[in-house]
file protein.txt (compact mmCIF, C-alpha atoms)
# COMPACT_ATOMS: atom_id res chain seq x y z
CA MET A 1129 25.86 -20.37 0.29
CA SER A 1130 26.10 -19.09 3.86
CA ALA A 1131 26.67 -15.42 4.68
CA ALA A 1132 26.27 -12.96 7.54
CA GLY A 1133 26.75 -9.26 8.20
CA HIS A 1134 26.52 -7.09 11.31
CA VAL A 1135 26.70 -3.33 11.83
CA ALA A 1136 26.36 -1.18 14.94
CA SER A 1137 26.23 2.58 15.41
CA LYS A 1138 27.27 4.83 18.26
CA ARG A 1139 26.90 8.49 19.13
CA LEU A 1140 30.07 10.54 19.27
CA PRO A 1141 30.45 12.70 22.37
CA GLN A 1142 30.20 16.38 21.41
CA THR A 1143 29.95 19.11 24.00
CA ASN A 1144 28.21 21.52 21.61
CA ASP A 1145 25.85 18.95 20.06
CA THR A 1146 22.16 19.83 20.45
CA SER A 1147 20.59 17.40 17.95
CA GLN A 1148 18.52 14.45 19.14
CA TYR A 1149 20.85 11.73 17.84
CA GLY A 1150 24.17 13.57 17.65
CA LEU A 1151 27.02 12.69 15.30
CA PRO A 1152 27.06 9.00 14.24
CA ALA A 1153 29.97 6.60 13.96
CA ILE A 1154 30.56 2.91 13.31
CA ALA A 1155 30.74 0.98 16.57
CA ALA A 1156 31.07 -2.53 15.09
CA LEU A 1157 31.29 -4.14 11.66
CA ASP A 1158 31.44 -7.80 10.63
CA GLN A 1159 31.11 -9.36 7.17
CA GLN A 1160 31.19 -13.05 6.26
CA GLY A 1161 30.76 -14.86 2.96
CA SER A 1162 28.89 -12.92 0.29
CA ALA A 1163 27.51 -10.38 2.80
CA ARG A 1164 29.00 -6.90 2.43
CA ILE A 1165 28.16 -3.60 4.14
CA ARG A 1166 29.03 -0.21 2.69
CA PHE A 1167 28.70 3.30 4.11
CA PRO A 1168 27.92 6.04 1.56
CA LYS A 1169 29.05 9.57 2.28
CA THR A 1170 26.13 11.40 3.86
CA THR A 1171 25.43 14.34 6.11
CA GLY A 1172 23.10 14.34 9.07
CA CYS A 1173 22.55 12.52 12.32
CA ALA A 1174 22.21 8.95 11.01
CA LEU A 1175 24.83 6.36 10.18
CA GLN A 1176 23.71 4.97 6.82
CA ALA A 1177 24.61 1.37 6.03
CA VAL A 1178 23.95 -0.33 2.69
CA LEU A 1179 23.80 -4.14 2.55
CA LEU A 1180 25.01 -6.14 -0.45
CA ASN A 1181 24.67 -9.82 -1.27
CA THR A 1182 27.47 -10.35 -3.79
CA ALA A 1183 26.05 -13.79 -4.67
CA GLY A 1184 23.39 -11.96 -6.68
CA GLY A 1185 20.39 -13.53 -4.96
CA LEU A 1186 19.13 -16.48 -2.94
CA THR A 1187 18.18 -19.99 -4.01
CA GLY A 1188 17.47 -23.32 -2.34
CA GLY A 1189 19.64 -24.01 0.70
CA ASP A 1190 21.16 -20.52 0.90
CA VAL A 1191 21.33 -18.90 4.34
CA ILE A 1192 21.95 -15.21 4.95
CA ASN A 1193 21.82 -13.44 8.32
CA TRP A 1194 21.81 -9.69 8.89
CA SER A 1195 21.98 -7.89 12.22
CA GLY A 1196 22.14 -4.27 13.31
CA THR A 1197 22.40 -2.38 16.59
CA ALA A 1198 21.63 1.29 17.14
CA GLY A 1199 23.69 2.20 20.21
CA SER A 1200 22.36 4.48 22.93
CA GLY A 1201 21.39 7.91 21.61
CA SER A 1202 22.41 7.13 18.00
CA ARG A 1203 20.51 6.68 14.75
CA LEU A 1204 21.20 3.88 12.28
CA SER A 1205 19.64 3.58 8.82
CA ILE A 1206 20.01 0.26 6.99
CA SER A 1207 19.05 -0.31 3.36
CA THR A 1208 20.08 -2.61 0.51
CA ALA A 1209 22.03 -1.73 -2.62
CA ALA A 1210 19.44 -3.40 -4.85
CA CYS A 1211 16.38 -5.61 -4.77
CA GLU A 1212 17.11 -9.05 -3.35
CA LYS A 1213 16.14 -11.85 -5.76
CA LEU A 1214 14.75 -15.20 -4.74
CA TYR A 1215 15.32 -17.78 -7.48
CA ARG A 1216 13.73 -21.18 -8.05
CA THR A 1217 14.75 -24.11 -5.92
CA HIS A 1218 14.90 -27.82 -6.69
CA GLY A 1219 14.44 -28.79 -3.05
CA PRO A 1220 15.37 -26.92 0.13
CA GLU A 1221 14.20 -23.43 1.02
CA ALA A 1222 16.36 -20.33 1.26
CA SER A 1223 16.60 -18.70 4.69
CA GLN A 1224 17.06 -15.07 5.69
CA HIS A 1225 17.15 -13.92 9.30
CA THR A 1226 17.38 -10.31 10.45
CA GLN A 1227 17.97 -9.28 14.07
CA LEU A 1228 17.80 -5.63 15.14
CA VAL A 1229 18.52 -4.06 18.53
CA ILE A 1230 17.66 -0.44 19.38
CA GLU A 1231 19.13 0.81 22.66
CA ASN A 1232 17.99 3.66 24.93
CA GLY A 1233 17.14 6.88 23.09
CA ALA A 1234 18.21 5.42 19.73
CA ARG A 1235 16.45 5.00 16.40
CA LEU A 1236 16.87 2.37 13.70
CA ASP A 1237 15.36 2.56 10.21
CA TRP A 1238 15.22 -0.84 8.47
CA LEU A 1239 14.61 0.07 4.82
CA PRO A 1240 15.59 -2.77 2.47
CA GLN A 1241 14.43 -2.55 -1.11
CA GLU A 1242 11.89 -5.12 -2.21
CA THR A 1243 12.55 -8.85 -2.61
CA ILE A 1244 11.61 -10.15 -6.08
CA ILE A 1245 10.30 -13.72 -6.00
CA PHE A 1246 10.55 -15.99 -9.04
CA ASN A 1247 8.44 -19.05 -9.80
CA ASP A 1248 9.27 -22.27 -7.90
CA ALA A 1249 11.00 -20.33 -5.10
CA ALA A 1250 10.96 -21.19 -1.40
CA LEU A 1251 11.87 -18.78 1.40
CA LYS A 1252 11.74 -18.69 5.18
CA ARG A 1253 12.35 -15.15 6.40
CA THR A 1254 12.35 -13.85 9.97
CA LEU A 1255 12.64 -10.38 11.47
CA ASP A 1256 13.35 -10.06 15.21
CA VAL A 1257 13.49 -6.61 16.81
CA GLU A 1258 14.27 -5.62 20.40
CA LEU A 1259 13.63 -2.03 21.53
CA ALA A 1260 14.38 -0.15 24.73
CA THR A 1261 11.64 1.90 26.41
CA ASP A 1262 12.31 5.22 24.66
CA SER A 1263 13.74 3.98 21.35
CA THR A 1264 12.20 4.16 17.86
CA ALA A 1265 12.12 1.75 14.93
CA LEU A 1266 10.83 2.17 11.38
CA LEU A 1267 10.58 -1.22 9.66
CA VAL A 1268 9.75 -1.82 6.00
CA GLU A 1269 9.60 -5.17 4.17
CA SER A 1270 8.30 -5.66 0.63
CA LEU A 1271 7.72 -8.68 -1.61
CA VAL A 1272 7.14 -8.66 -5.36
CA LEU A 1273 5.72 -11.75 -7.08
CA GLY A 1274 7.51 -11.98 -10.40
CA ARG A 1275 8.45 -9.17 -12.76
CA HIS A 1276 5.37 -7.22 -13.82
CA ALA A 1277 6.87 -6.01 -17.12
CA MET A 1278 7.77 -9.59 -18.11
CA ARG A 1279 4.24 -10.83 -17.31
CA GLU A 1280 5.69 -13.62 -15.19
CA SER A 1281 3.31 -15.99 -13.43
CA ILE A 1282 3.92 -17.41 -9.96
CA THR A 1283 2.18 -20.79 -9.83
CA ARG A 1284 4.52 -22.55 -7.39
CA LEU A 1285 5.78 -20.82 -4.27
CA GLN A 1286 6.52 -21.55 -0.62
CA LEU A 1287 6.88 -18.47 1.57
CA HIS A 1288 6.97 -18.07 5.34
CA ASP A 1289 7.57 -14.52 6.61
CA ARG A 1290 7.69 -14.10 10.40
CA TRP A 1291 7.98 -10.88 12.48
CA ARG A 1292 8.52 -10.53 16.23
CA ILE A 1293 8.96 -7.10 17.85
CA HIS A 1294 9.70 -6.77 21.58
CA ARG A 1295 9.99 -3.71 23.79
CA ASP A 1296 11.77 -4.17 27.13
CA GLY A 1297 11.56 -7.92 26.63
CA LYS A 1298 7.77 -7.94 26.18
CA LEU A 1299 6.10 -8.91 22.91
CA LEU A 1300 4.68 -5.82 21.18
CA HIS A 1301 3.97 -7.01 17.64
CA ALA A 1302 3.83 -10.39 15.91
CA GLU A 1303 2.76 -11.50 12.47
CA GLU A 1304 3.05 -14.46 10.12
CA LEU A 1305 2.61 -14.51 6.36
CA ARG A 1306 2.39 -17.90 4.67
CA LEU A 1307 1.89 -18.54 0.97
CA ASP A 1308 1.91 -22.13 -0.27
CA ILE A 1309 1.04 -22.08 -3.96
CA GLN A 1310 1.17 -25.36 -5.87
CA GLY A 1311 -0.48 -24.36 -9.18
CA PRO A 1312 -2.07 -24.04 -11.59
CA THR A 1313 -3.56 -20.74 -10.34
CA ASP A 1314 -1.33 -17.67 -10.22
CA ALA A 1315 -0.44 -16.58 -6.67
CA ARG A 1316 -1.86 -13.12 -7.31
CA LYS A 1317 -5.32 -14.66 -7.49
CA ASN A 1318 -5.03 -15.79 -3.88
CA SER A 1319 -7.99 -14.27 -2.03
CA MET A 1320 -5.64 -12.46 0.35
CA LEU A 1321 -3.81 -10.64 -2.48
CA HIS A 1322 -6.85 -9.41 -4.45
CA HIS A 1323 -4.94 -9.89 -7.76
CA TYR A 1324 -2.11 -7.59 -6.62
CA GLY A 1325 1.49 -8.74 -7.08
CA ALA A 1326 3.45 -6.49 -4.69
CA ILE A 1327 3.09 -6.54 -0.91
CA SER A 1328 4.57 -4.23 1.70
CA THR A 1329 4.34 -3.94 5.48
CA VAL A 1330 5.46 -0.77 7.24
CA VAL A 1331 5.67 -0.62 11.04
CA LEU A 1332 6.64 2.44 13.07
CA VAL A 1333 7.27 1.81 16.77
CA SER A 1334 7.67 5.09 18.61
CA PRO A 1335 7.40 6.61 22.09
CA ASP A 1336 5.28 9.37 20.48
CA SER A 1337 1.70 9.84 21.62
CA ALA A 1338 -1.25 8.03 20.02
CA GLU A 1339 -2.47 11.41 18.75
CA SER A 1340 0.80 11.94 16.85
CA LEU A 1341 0.58 8.47 15.31
CA HIS A 1342 -3.03 9.07 14.22
CA ILE A 1343 -1.93 12.29 12.49
CA MET A 1344 0.77 10.31 10.66
CA ALA A 1345 -1.78 7.64 9.67
CA ASP A 1346 -4.10 10.28 8.18
CA ALA A 1347 -1.19 11.76 6.20
CA ILE A 1348 -0.26 8.32 4.84
CA ARG A 1349 -3.81 7.64 3.66
CA GLU A 1350 -3.71 10.84 1.63
CA LEU A 1351 -0.68 9.51 -0.30
CA ALA A 1352 -2.63 6.65 -1.88
CA PRO A 1353 -3.57 7.37 -5.53
CA SER A 1354 -7.21 7.56 -6.56
CA ASP A 1355 -6.82 4.72 -9.08
CA LYS A 1356 -6.63 1.01 -8.22
CA GLN A 1357 -2.86 0.61 -8.57
CA ILE A 1358 -2.48 0.80 -4.78
CA LEU A 1359 -4.61 -0.65 -1.99
CA THR A 1360 -3.48 0.65 1.39
CA ALA A 1361 -4.70 0.66 4.95
CA ALA A 1362 -3.14 2.44 7.93
CA SER A 1363 -4.17 0.26 10.81
CA SER A 1364 -3.45 -0.69 14.39
CA VAL A 1365 -2.53 2.66 15.95
CA MET A 1366 -2.07 1.27 19.43
CA ASN A 1367 0.63 0.51 21.97
CA HIS A 1368 2.86 3.19 20.42
CA ARG A 1369 2.91 1.60 16.99
CA LEU A 1370 1.54 2.37 13.53
CA VAL A 1371 1.08 -0.50 11.06
CA ILE A 1372 0.57 0.14 7.34
CA ARG A 1373 -0.36 -2.57 4.84
CA VAL A 1374 0.11 -2.00 1.13
CA LEU A 1375 -0.91 -4.02 -1.93
CA SER A 1376 0.14 -2.84 -5.38
CA ASP A 1377 -0.09 -4.06 -8.96
CA SER A 1378 3.66 -3.65 -9.58
CA SER A 1379 6.99 -2.84 -7.99
CA GLN A 1380 7.04 0.53 -9.72
CA SER A 1381 3.69 1.70 -8.36
CA LEU A 1382 4.60 0.31 -4.94
CA ARG A 1383 7.73 2.48 -4.86
CA LYS A 1384 5.76 5.57 -5.89
CA PHE A 1385 3.78 5.13 -2.70
CA LEU A 1386 6.51 3.83 -0.38
CA ILE A 1387 9.10 6.55 -0.97
CA PRO A 1388 6.91 9.48 0.23
CA CYS A 1389 5.46 7.21 2.92
CA ILE A 1390 8.90 6.44 4.33
CA GLU A 1391 9.90 10.10 4.11
CA ARG A 1392 6.80 11.08 6.13
CA LEU A 1393 7.74 8.59 8.84
CA SER A 1394 11.49 9.26 8.83
CA ASP A 1395 11.52 12.36 11.01
CA SER A 1396 12.80 14.69 8.24
CA MET A 1397 15.61 12.35 7.11
CA PRO A 1398 15.64 11.75 3.32
CA ILE A 1399 15.21 8.23 2.03
CA PRO A 1400 18.53 6.42 1.31
CA GLN A 1401 19.90 7.43 -2.08
CA VAL A 1402 20.09 3.80 -3.24
CA TRP A 1403 16.29 3.81 -3.49
CA ASN A 1404 16.55 6.35 -6.31
CA VAL A 1405 19.30 4.66 -8.33

call {"tool": "encode", "arguments": {"input": "protein.txt", "output": "C-alpha cells"}}
result
Amino acid sequence: MSAAGHVASKRLPQTNDTSQYGLPAIAALDQQGSARIRFPKTTGCALQAVLLNTAGGLTGGDVINWSGTAGSGSRLSISTAACEKLYRTHGPEASQHTQLVIENGARLDWLPQETIIFNDAALKRTLDVELATDSTALLVESLVLGRHAMRESITRLQLHDRWRIHRDGKLLHAEELRLDIQGPTDARKNSMLHHYGAISTVVLVSPDSAESLHIMADAIRELAPSDKQILTAASSVMNHRLVIRVLSDSSQSLRKFLIPCIERLSDSMPIPQVWNV
C-alpha cells in the first residue's frame, strides 16, 4: 500500500479582521491512495484538517506520506480521525513520513492521535518541520505498545522514530528513538521505558520569551497526577522551544494528561473534537 496526503492553509484578506491568524481557508489539497483529509465544521481562526487512512492501519511494506503547510499569517491544525494501528509484518518495515512547513507569522498544530503498535511490527517514521523566524509549531507524537486492556505483550518490535526541526534553514531540534526488541522480554521492561507502555513527545516551538515558556512548563508539571500512572518531565526550555516527555501505563491515562496539556499549549484553541470521540 502506498498513500499520500497534503493540505495547506491560507489567511483570507479581511479589512476588519483584528485576530492574530485571521479567517482560515484551504489553499491546497491533495489525496492519493488510502489517504483522505476531511475538514469538520468549526469556528475560530484555525483551519482544522483530519487525516484518515482508509486502509485501516499499516503493515510490512506500506508507505504513507503526510504533508501540511500553514501559509503566511494563517493557522492550521492537523489531527487524525482515529489511532493509527501498526500490525505485524512478515518481512519489510512500514514507513510513515510527515513534512510540515510553517510560513511567516503562521502557526501549525500537529496533533495526531496515538499509534498503537502490535507484536512483530516494524516501523520507520520521520517528522521533518521547517519554520520561519516568527512562526509557531506545536508537535505531538504518541506510541502505545499493545492494548493495555487486552494484556498484550510486545516481545518483537523494530521501531525507528526520527525528528528534525529547522528554523530559517538551521537545525533547531533533533531526536532519534530506536527500539529493537527480539524477545523474550516484553518491550515495556526496556530500561528506557521503566515498565510503561505509552510514550509521548510534545514540542512547542515559539517566538515567545524563555520566561513565557518556563511558565508553561511549570503549568504542565502541575497536570501530572500524584500516582504512578504518568511519568512526565518538562525539559529543554531553550532556543524558543519547550520539550515535554511523557511515559504512561496505558493509552487512557496518557490521554487524561495529554488533552489538558495540549489545551494549555494551544493558545486558547480547544483540542480537535476527534480526540473526544

call {"tool": "closest_atom_pairs", "arguments": {"input": "protein.txt", "of": "stretch 1198-1217 of chain A", "to": "stretch 1231-1234 of chain A", "cutoff": "6 Å", "atoms": "only C-alpha atoms", "output": "CSV"}}
result
residue,atom,partner,partner_atom,distance
A:Ala1198,CA,A:Ala1234,CA,6.0
A:Gly1199,CA,A:Glu1231,CA,5.4
A:Ser1200,CA,A:Asn1232,CA,4.9
A:Gly1201,CA,A:Ala1234,CA,4.5
A:Ser1202,CA,A:Ala1234,CA,4.9
A:Arg1203,CA,A:Ala1234,CA,5.6

call {"tool": "write_last_selection", "arguments": {"input": "protein.txt", "atoms": "C-alpha atoms", "output": "CSV table (one decimal), in the frame of the given file"}}
result
chain,number,residue,atom,x,y,z
A,1198,ALA,CA,21.6,1.3,17.1
A,1199,GLY,CA,23.7,2.2,20.2
A,1200,SER,CA,22.4,4.5,22.9
A,1201,GLY,CA,21.4,7.9,21.6
A,1202,SER,CA,22.4,7.1,18.0
A,1203,ARG,CA,20.5,6.7,14.8

call {"tool": "atom_distance", "arguments": {"input": "protein.txt", "atom1": "atom CA of A:Ile1230", "atom2": "atom CA of A:Gly1297"}}
result
12.1 Å

call {"tool": "closest_residue", "arguments": {"input": "protein.txt", "among": "A:Gln1160, A:Gln1357, A:Ser1376, A:Ser1363", "to": "A:Ala1131", "atoms": "all atoms listed in the file"}}
result
A:Gln1160

call {"tool": "closest_residue", "arguments": {"input": "protein.txt", "among": "A:Leu1359, A:Leu1271, A:Leu1236, A:Leu1351", "to": "A:Val1331", "atoms": "only C-alpha atoms"}}
result
A:Leu1236

call {"tool": "closest_residue", "arguments": {"input": "protein.txt", "among": "A:Ala1347, A:Ala1155, A:Ala1260, A:Leu1251", "to": "A:Leu1305", "atoms": "all atoms listed in the file"}}
result
A:Leu1251

call {"tool": "closest_residue", "arguments": {"input": "protein.txt", "among": "A:Leu1186, A:Ala1326, A:Val1268, A:Val1333", "to": "A:Ile1293", "atoms": "only C-alpha atoms"}}
result
A:Val1333

call {"tool": "atom_distance", "arguments": {"input": "protein.txt", "atom1": "atom CA of A:Arg1295", "atom2": "atom CA of A:Leu1259"}}
result
4.6 Å

call {"tool": "residues_near_point", "arguments": {"input": "protein.txt", "point": "(0.5, -2.3, 11.6)", "cutoff": "8 Å", "atoms": "only C-alpha atoms", "output": "PyMOL selection string"}}
result
chain A and resi 1329-1332+1362-1365+1369-1373

call {"tool": "closest_residue", "arguments": {"input": "protein.txt", "among": "A:Glu1221, A:Gln1241, A:Ser1340, A:Gln1227", "to": "A:His1288", "atoms": "only C-alpha atoms"}}
result
A:Glu1221

call {"tool": "residues_around", "arguments": {"input": "protein.txt", "residues": "stretch 1389-1401 of chain A", "least_positions_apart": "6", "cutoff": "9 Å", "atoms": "all atoms listed in the file", "output": "list in words"}}
result
Pro1168, Gly1172, Cys1173, Ala1174, Gln1176, Val1178, Ser1205, Ile1206, Ser1207, Asp1237, Leu1239, Leu1266, Val1268, Val1330, Leu1332, Met1344, Ala1347, Ile1348 and Leu1351 of chain A

call {"tool": "atom_distance", "arguments": {"input": "protein.txt", "atom1": "atom CA of A:Arg1139", "atom2": "atom CA of A:Ala1156"}}
result
12.5 Å

call {"tool": "residues_around", "arguments": {"input": "protein.txt", "residues": "A:Ile1244", "least_positions_apart": "2", "cutoff": "9 Å", "atoms": "all atoms listed in the file", "output": "ChimeraX atom specification"}}
result
/A:1211-1215,1242,1246,1270-1275,1379

call {"tool": "closest_residue", "arguments": {"input": "protein.txt", "among": "A:Gln1224, A:Thr1187, A:Trp1403, A:Ala1132", "to": "A:Pro1240", "atoms": "only C-alpha atoms"}}
result
A:Trp1403

call {"tool": "residues_around", "arguments": {"input": "protein.txt", "residues": "A:Ile1192", "least_positions_apart": "4", "cutoff": "9 Å", "atoms": "all atoms listed in the file", "output": "JSON, numbers by chain"}}
result
{"A": [1129, 1130, 1131, 1132, 1133, 1162, 1163, 1181, 1186, 1222, 1223, 1224, 1225, 1226]}
